[in-house]
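Asks: Pasting in a structure now, in structure tokens, and then I'll have a few things to ask.
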Amino acid sequence: MVDMQVIESLKQLKQINIDYYLAAHGARQNGKFVAYVNAFTPVELLYAMDFIPIYPENHAVILGARKLSSETAAAAEGMGYSMDLCSYARCDLGSIRIGVSPTWGLPKPDILVISNSQCSTLTKWFEVLARMYKAPMALLDVPHSGNGERDAAAEEYVHGQLEDLVVMLERITKKSLDTRKLRETIELSQEASSLWTRILETGQAIPAPMSVFDQFISMAPIVAQRGTKVPVDFYRSLLEELEQRIENEVGAVPSERYRLFWDNLPIWPELRRLSLFLAERGVCLVTSLYTWAWARLSVGTENPFKDWTEQYLYTANLHLQRRIDDYVELAQRYSLDGFLYHSNRSCKFVSQDIPEVKAAVTKRTGLPGLILEADHNDPRLYSVEALENQIDNFLDLLASRNKGIAAS
Amino acid sequence: MNDKRPWEPFEKIVSEKWRRSREYKERTGCVAVGHLLPDVPEELIHAVGGLPVALWGAGVELSHAQAHIPSYTCSHAMGALELGFREELDFLDAAIIPYVCDTTRNLFHIWQQCFPSMKNEFLRLPKRLDYPGARVYLRREYERLFAFLKTLTGSDAGVDELSRSIALFNKGRGLLRRAYGKLREDPSAWTQSKVMHLFESWFLTPKEEHIAMMEKLPWDSKAAAESDERIRLYVRGKVWDPPAILALLDELKFVLAGDEVVTGYRVAAVDASLEQDPFDALAERFMRTPAYPGYHFDPERMRESFLERVVQSGAQGVLFLNPKFCEAAGFDTPDFQKALEEKGIPSIVLETSTRGVSLEQLRVRLEAFREMMSEDLP
């Protein structure tokens with residue numbers, strides 16, 4: 001087996017996650033409230049108003065990583081949910097049904113806050129949860145801005161919804177928004193985002209000190225606890241260690257031969273297996289669309305509502321042409337040899353345009369790409385052996401391509 | 001005076017799909033604007049002198065599209081993309097794709113990539129139907145689309161032209177509603193297949209011609225006595241996919257008590273008011289039309305209002321005609337079924353697709369459903 005030098009800071013994550021879920025379960029005893037949220041919701045605002053944001057998606061990830069997704073997804077199918085629906089949703093709903101959960105389930109929400117600039121599936125999933133828990137739901141409806149052009153009407157629409165969200169939250173807490181607290185949470189969020197960005201940029205070093213697999217597992221604090229001190233402390237120690245590794249030329253993969261990009265969400269149930277499989281072949285996944293998404297979420301303290309509006313409408317609202325441009329830029333910055341595109345059956349939002357992205361990126365960079373059809377959480381929807389075979393064939397292609405380049 | 005074969009033109013239009021629109025364009029030189037169903041207001045296209053041509057992919061055999069969009073995409077979207085690669089749609093000058101779900105959002109970008117020479121536009125529909133700001137936003141979005149359409153035709157149309165288009169469309173919708181009523185009054189003559197041909201051909205024919213054709217229908221027909229009792233069915237779904245499902249419902253003696261299919265009653269359910277500013281009237285019509293599953297309002301109210309619509313229709317059972325891979329429809333179904341069950345209304349879910357679904361399998365399941373319902377009926 002390949003000898004990979006462990007990143008010591010990552011050992012903190014277990015306790016960070018335990019503390020987070022314990023705090024969520026104890027929210028009411030501590031005068032706090034629980035909000036179910038998704039990406040691209042203003043978590044800094046929620047923390048400032050004494051809400052603990054909880055991500056049902058993260059709950060599903062934990063079920064997947066602990067190999068509990070087949071059981072829980074099947075339970076949801078027994079409730080009538082089609083196997084073609086998002087496996088995160090199926091795992092979460094099935095987990096509620098059969099009471100299987102490594103986080104002792106999730107605490108009942110006081111409100112569900114959702115933004116559809118991430119995807120529309122989450123809106124439907126949250127509607128089911130809102131009916132189940134008889135809790136209010138606030139949808140931040142973010143019209144998709146076509147090709148990214150500015151849209152004044154949409155800006156007013158989104159801004160108005162954010163202001164109304166504050167009123168809704170104040171009704172639950174019976175307290176007014178404390179702008180001083182909001183400023184504090186935003187400053188902590190900015191710091192965490194900045195550290196996370198620098199962590200992702202360490203992947204430009206050759207060899208890369210950290211692979212995308214490790215980025216995936218260290219994402220939890222920037223996702224769920226942005227606006228608190230937890231991610232700031234964690235990412236500061238992680239960054240320090242990564243910089244040390246760069247200085248000592250310690251790579252995530254012992255003998256780095258190929259540097260690849262990973263598109264889309266991970267295949268959570270196979271994280272460890274694919275990580276070892278690639279490391280044995282000298283392949284390091286050095287950067288990814290998914291982990292970068294969390295580096296672009298900080299807002300300013302001057303006019304955060306305007307910044308959130310801009311961010312949800314224009315930054316989070318990914319469109320094909322910008323995605324292609326981003327990948328082309330990353331290819332150069334990260335000295336990539338190729339792209340692995342996860343065509344994710346459970347995430348149609350990020351997957352349906354992959355054939356067009358791959359064709360355009362290869363045309364512009366000359367770099368080959370491989371589309372792997374799988375699923376982010378349901379191992380019944382793919383064969384990991386078949387994926388490994390496809391990757392081996394792709395690596396053969398890269399090897400012959402490199403030989404050709406060397407010969408010319 | 002009715003024509004001898006008044007249904008024939010509608011059947012022909014549906015079987016030939018886009019041919020009539022193509023011929024009209026060749027004849028008149030008008031600007032033809034394709035739009036993916038649902039919810040692009042055709043009145044805006046008509047008011048600027050364009051020809052609205054609806055696109056939907058049910059029943060389309062796939063070939064080229066599979067190289068551009070993954071197989072786990074609903075056949076409505078995949079089929080529409082496939083059409084773009086065929087000569088059938090090369091008469092279109094522009095295409096409008098509405099934002100109703102993640103798939104149509106992605107389809108817009110893929111469409112642009114595949115057909116860059118066509119003038120493409122994205123209609124950014126709001127999803128939050130119970131939020132006052134959504135109506136304000138939608139009105140402005142319609143104005144934006146109207147401005148785009150005027151650049152296509154060179155028209156200087158304004159609110160007067162739009163009001164005239166709305167009046168014409170209301171007239172057509174009135175006739176469609178009347179036909180839907182005949183379906184229940186006289187189901188052996190006004191079969192589901194025939195009436196739904198009226199609805200589908202509405203999207204494929206210049207409206208003035210369609211209204212003139214509808215006026216020739218045998219509106220004064222009297223219901224013939226029927227030997228078998230029909231079972232009143234309410235259908236929730238996207239499009240009639242596979243298209244042969246309608247003939248199957250006729251054959252198995254089901255009659256539509258109501259439906260929410262985007263090529264079904266939903267087309268005609270609500271008129272736009274002529275008393276309001278026309279942009280406001282169109283926005284109001286959108287908000288009052290039974291919500292497409294991708295739209296949002298209070299989740300509890302979504303379930304209750306669905307139940308109310310079913311009960312009001314007098315349906316004895318509900319068919320969920322869920323397109324395979326449609327997340328919007330799939331998430332609602334279990335809760336809605338449970339609500340129906342609590343009211344003692346039986347339901348069935350058919351997950352359908354043009355690809356890989358056997359009509360015979362659907363027949364067996366619907367026959368069993370009918371049998372089960374017949375036993376329960378008093």
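All residue names refer to the structure tokens as shown: chains lettered A, B, ... in order, residues numbered from 1 in each chain, ligands numbered from 1 in order.
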Could you write out as a list in words the residues of chain B within 6 Å of chain A, counting only C-alpha atoms?

Replies: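 In the required form, that comes to His68, Ile69, Pro70, Asp102, Phe122, Arg124, Tyr137, Pro299, Glu300, Phe325, Glu327, Phe331 and Pro334 of chain B.
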
Asks: Could you pull the residues within 8 Å of Ile211 in chain B, counting only C-alpha atoms, minus those fewer than 4 positions along the same chain, as a VMD selection string?

Replies: chain B and resid 171 to 172 175 207 215

Asks: Of the residues A:Glu270, A:Glu280, A:Asp326, A:Asp307, which is the one nearest to Val384 in chain A, using only C-alpha atoms?

Replies: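 Among the listed residues, the smallest separation from Val384 in chain A belongs to A:Glu270.
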
Asks: Near range 99-110 of chain A, within 6 Å and counting only C-alpha atoms, which residues show up once chain neighbours fewer than 5 positions away are dropped, as a PyMOL selection string?

Replies: chain A and resi 25+34-35

Asks: Please dump the current selection as a short mmCIF file (atom, residue, chain, number, x, y, z; two decimals), in the first residue's frame; keep N, CA and C atoms.

Replies:
data_model
loop_
_atom_site.label_atom_id
_atom_site.label_comp_id
_atom_site.auth_asym_id
_atom_site.auth_seq_id
_atom_site.Cartn_x
_atom_site.Cartn_y
_atom_site.Cartn_z
N HIS A 25 -27.88 20.02 18.95
CA HIS A 25 -28.88 19.28 19.73
C HIS A 25 -29.22 20.01 21.04
N VAL A 34 -32.66 26.69 15.78
CA VAL A 34 -32.09 25.85 14.71
C VAL A 34 -32.70 26.24 13.37
N ALA A 35 -31.82 26.49 12.41
CA ALA A 35 -32.28 26.77 11.04
C ALA A 35 -31.68 25.74 10.10
#

Asks: Would you compute the distance between CA of Ile110 in chain B and CA of Gly34 in chain B? Give it in Å to one decimal.

Replies: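 Distance between the two atoms: 15.7 Å.
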
Asks: Would you mind telling me which residue in A:Ile96, A:Ala224, A:Ala252, A:Leu238 lies nearest to Ala205 in chain A when using only C-alpha atoms?

Replies: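 When distances to Ala205 in chain A are compared using only C-alpha atoms, the smallest one comes from A:Ala252.
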
Asks: Check the DSSP output for the backbone and give back, as a PyMOL selection string, the residues of range 101-334 of chain A in helix (DSSP H, G or I).

Replies: chain A and resi 121-133+152-173+179-204+212-217+220-224+229-247+268-280+289-295+304-315+320-333

Asks: Could you check the closest approach to Phe203 in chain B for each of B:Leu249, B:Leu321, B:Val311, B:Leu176 and tell me which residue wins, using only C-alpha atoms?

Replies: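 Residue with the minimum atom-to-atom distance to Phe203 in chain B: B:Leu176.
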
Asks: Would you please work out which residue, of A:Asp263, A:Glu388, A:Glu163, A:Glu240, is nearest to Lys306 in chain A when using only C-alpha atoms?

Replies: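 The shortest atom-to-atom distance to Lys306 in chain A comes from A:Glu163.
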
Asks: Taking into account only C-alpha atoms, which residue in the set B:Trp202, B:Phe336, B:Phe297, B:Phe169 is nearest to Pro132 in chain B?

Replies: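 Going through B:Trp202, B:Phe336, B:Phe297, B:Phe169 one by one, the smallest distance to Pro132 in chain B is for B:Phe297.
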
Asks: Leaving out range 360-371 of chain B and any residue of its chain fewer than 5 positions from it, which residues lie within 8 Å of it when counting only C-alpha atoms, given as a list in words?

Replies: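 Residues meeting the cut-off are Ile231, Leu248, Leu252, Ile348 and Leu350 of chain B.
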
Asks: Keeping only N, CA and C atoms, write the selected residues to a file as an mmCIF file, in the first residue's frame.

Replies:
data_model
loop_
_atom_site.group_PDB
_atom_site.id
_atom_site.type_symbol
_atom_site.label_atom_id
_atom_site.label_comp_id
_atom_site.auth_asym_id
_atom_site.auth_seq_id
_atom_site.Cartn_x
_atom_site.Cartn_y
_atom_site.Cartn_z
ATOM 1 N N ILE B 231 -64.690 6.152 -15.346
ATOM 2 C CA ILE B 231 -64.140 6.554 -14.049
ATOM 3 C C ILE B 231 -63.470 7.908 -14.199
ATOM 4 N N LEU B 248 -55.009 5.342 -24.461
ATOM 5 C CA LEU B 248 -55.124 4.264 -23.478
ATOM 6 C C LEU B 248 -56.188 4.617 -22.429
ATOM 7 N N LEU B 252 -59.584 2.473 -21.809
ATOM 8 C CA LEU B 252 -59.866 1.858 -20.511
ATOM 9 C C LEU B 252 -61.026 2.547 -19.769
ATOM 10 N N ILE B 348 -52.468 6.453 -8.305
ATOM 11 C CA ILE B 348 -51.445 5.587 -8.894
ATOM 12 C C ILE B 348 -50.343 6.467 -9.451
ATOM 13 N N LEU B 350 -47.375 6.609 -12.234
ATOM 14 C CA LEU B 350 -46.717 5.998 -13.393
ATOM 15 C C LEU B 350 -45.514 6.869 -13.725
#

Asks: Excluding Met287 in chain B and residues on its chain fewer than 3 positions from it, collect all residues at most 9 Å away from it, counting only C-alpha atoms, and give them as a count of residues only.

Replies: 8

Asks: So which one's closest to Met213 in chain B, B:Leu198, B:Glu23, B:Arg230, B:Val255? Using only C-alpha atoms, please.

Replies: B:Leu198

Asks: Just want the 8 Å neighbourhood of Trp56 in chain B, counted on only C-alpha atoms, with same-chain residues fewer than 2 positions away dropped. Output as a PDB file with N, CA and C atoms, in the first residue's frame.

Replies:
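So the final result, stored in selection_8.pdb, reads:
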ATOM      1  N   LEU B  36     -39.894  26.699 -25.189  1.00  0.00           N
ATOM      2  CA  LEU B  36     -40.058  25.437 -24.477  1.00  0.00           C
ATOM      3  C   LEU B  36     -41.190  25.577 -23.473  1.00  0.00           C
ATOM      4  N   LEU B  37     -42.044  24.567 -23.409  1.00  0.00           N
ATOM      5  CA  LEU B  37     -43.127  24.574 -22.413  1.00  0.00           C
ATOM      6  C   LEU B  37     -42.551  24.317 -21.026  1.00  0.00           C
ATOM      7  N   ALA B  54     -44.610  26.300 -29.839  1.00  0.00           N
ATOM      8  CA  ALA B  54     -44.195  25.614 -28.601  1.00  0.00           C
ATOM      9  C   ALA B  54     -43.330  24.394 -28.920  1.00  0.00           C
ATOM     10  N   ALA B  58     -41.697  15.198 -25.671  1.00  0.00           N
ATOM     11  CA  ALA B  58     -42.317  13.889 -25.460  1.00  0.00           C
ATOM     12  C   ALA B  58     -42.506  13.174 -26.792  1.00  0.00           C
ATOM     13  N   HIS B  76     -38.716  15.184 -21.851  1.00  0.00           N
ATOM     14  CA  HIS B  76     -39.219  16.478 -22.335  1.00  0.00           C
ATOM     15  C   HIS B  76     -38.038  17.358 -22.773  1.00  0.00           C
ATOM     16  N   ALA B  77     -37.014  17.429 -21.942  1.00  0.00           N
ATOM     17  CA  ALA B  77     -35.851  18.276 -22.249  1.00  0.00           C
ATOM     18  C   ALA B  77     -34.950  17.626 -23.297  1.00  0.00           C
ATOM     19  N   GLY B  79     -35.745  15.412 -25.535  1.00  0.00           N
ATOM     20  CA  GLY B  79     -36.428  15.399 -26.822  1.00  0.00           C
ATOM     21  C   GLY B  79     -36.393  16.771 -27.476  1.00  0.00           C
ATOM     22  N   ALA B  80     -36.552  17.819 -26.665  1.00  0.00           N
ATOM     23  CA  ALA B  80     -36.517  19.176 -27.220  1.00  0.00           C
ATOM     24  C   ALA B  80     -35.142  19.467 -27.820  1.00  0.00           C
TER      25      ALA B  80
END

Asks: In Å, how far is it from CA of Ser358 in chain B to CA of Pro242 in chain B?

Replies: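 According to the coordinates, CA of Ser358 in chain B and CA of Pro242 in chain B are separated by 9.2 Å.
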
Asks: Hey, what does DSSP flag as strand (DSSP E) within range 175-398 of chain A? Can you give it to me as a PyMOL selection string?

Replies: chain A and resi 258-263+283-288+338-344+369-374

Asks: Rounded to one decimal in Å, what is the spacing between CA of Ala269 in chain B and CA of Arg173 in chain B?

Replies: 7.7 Å
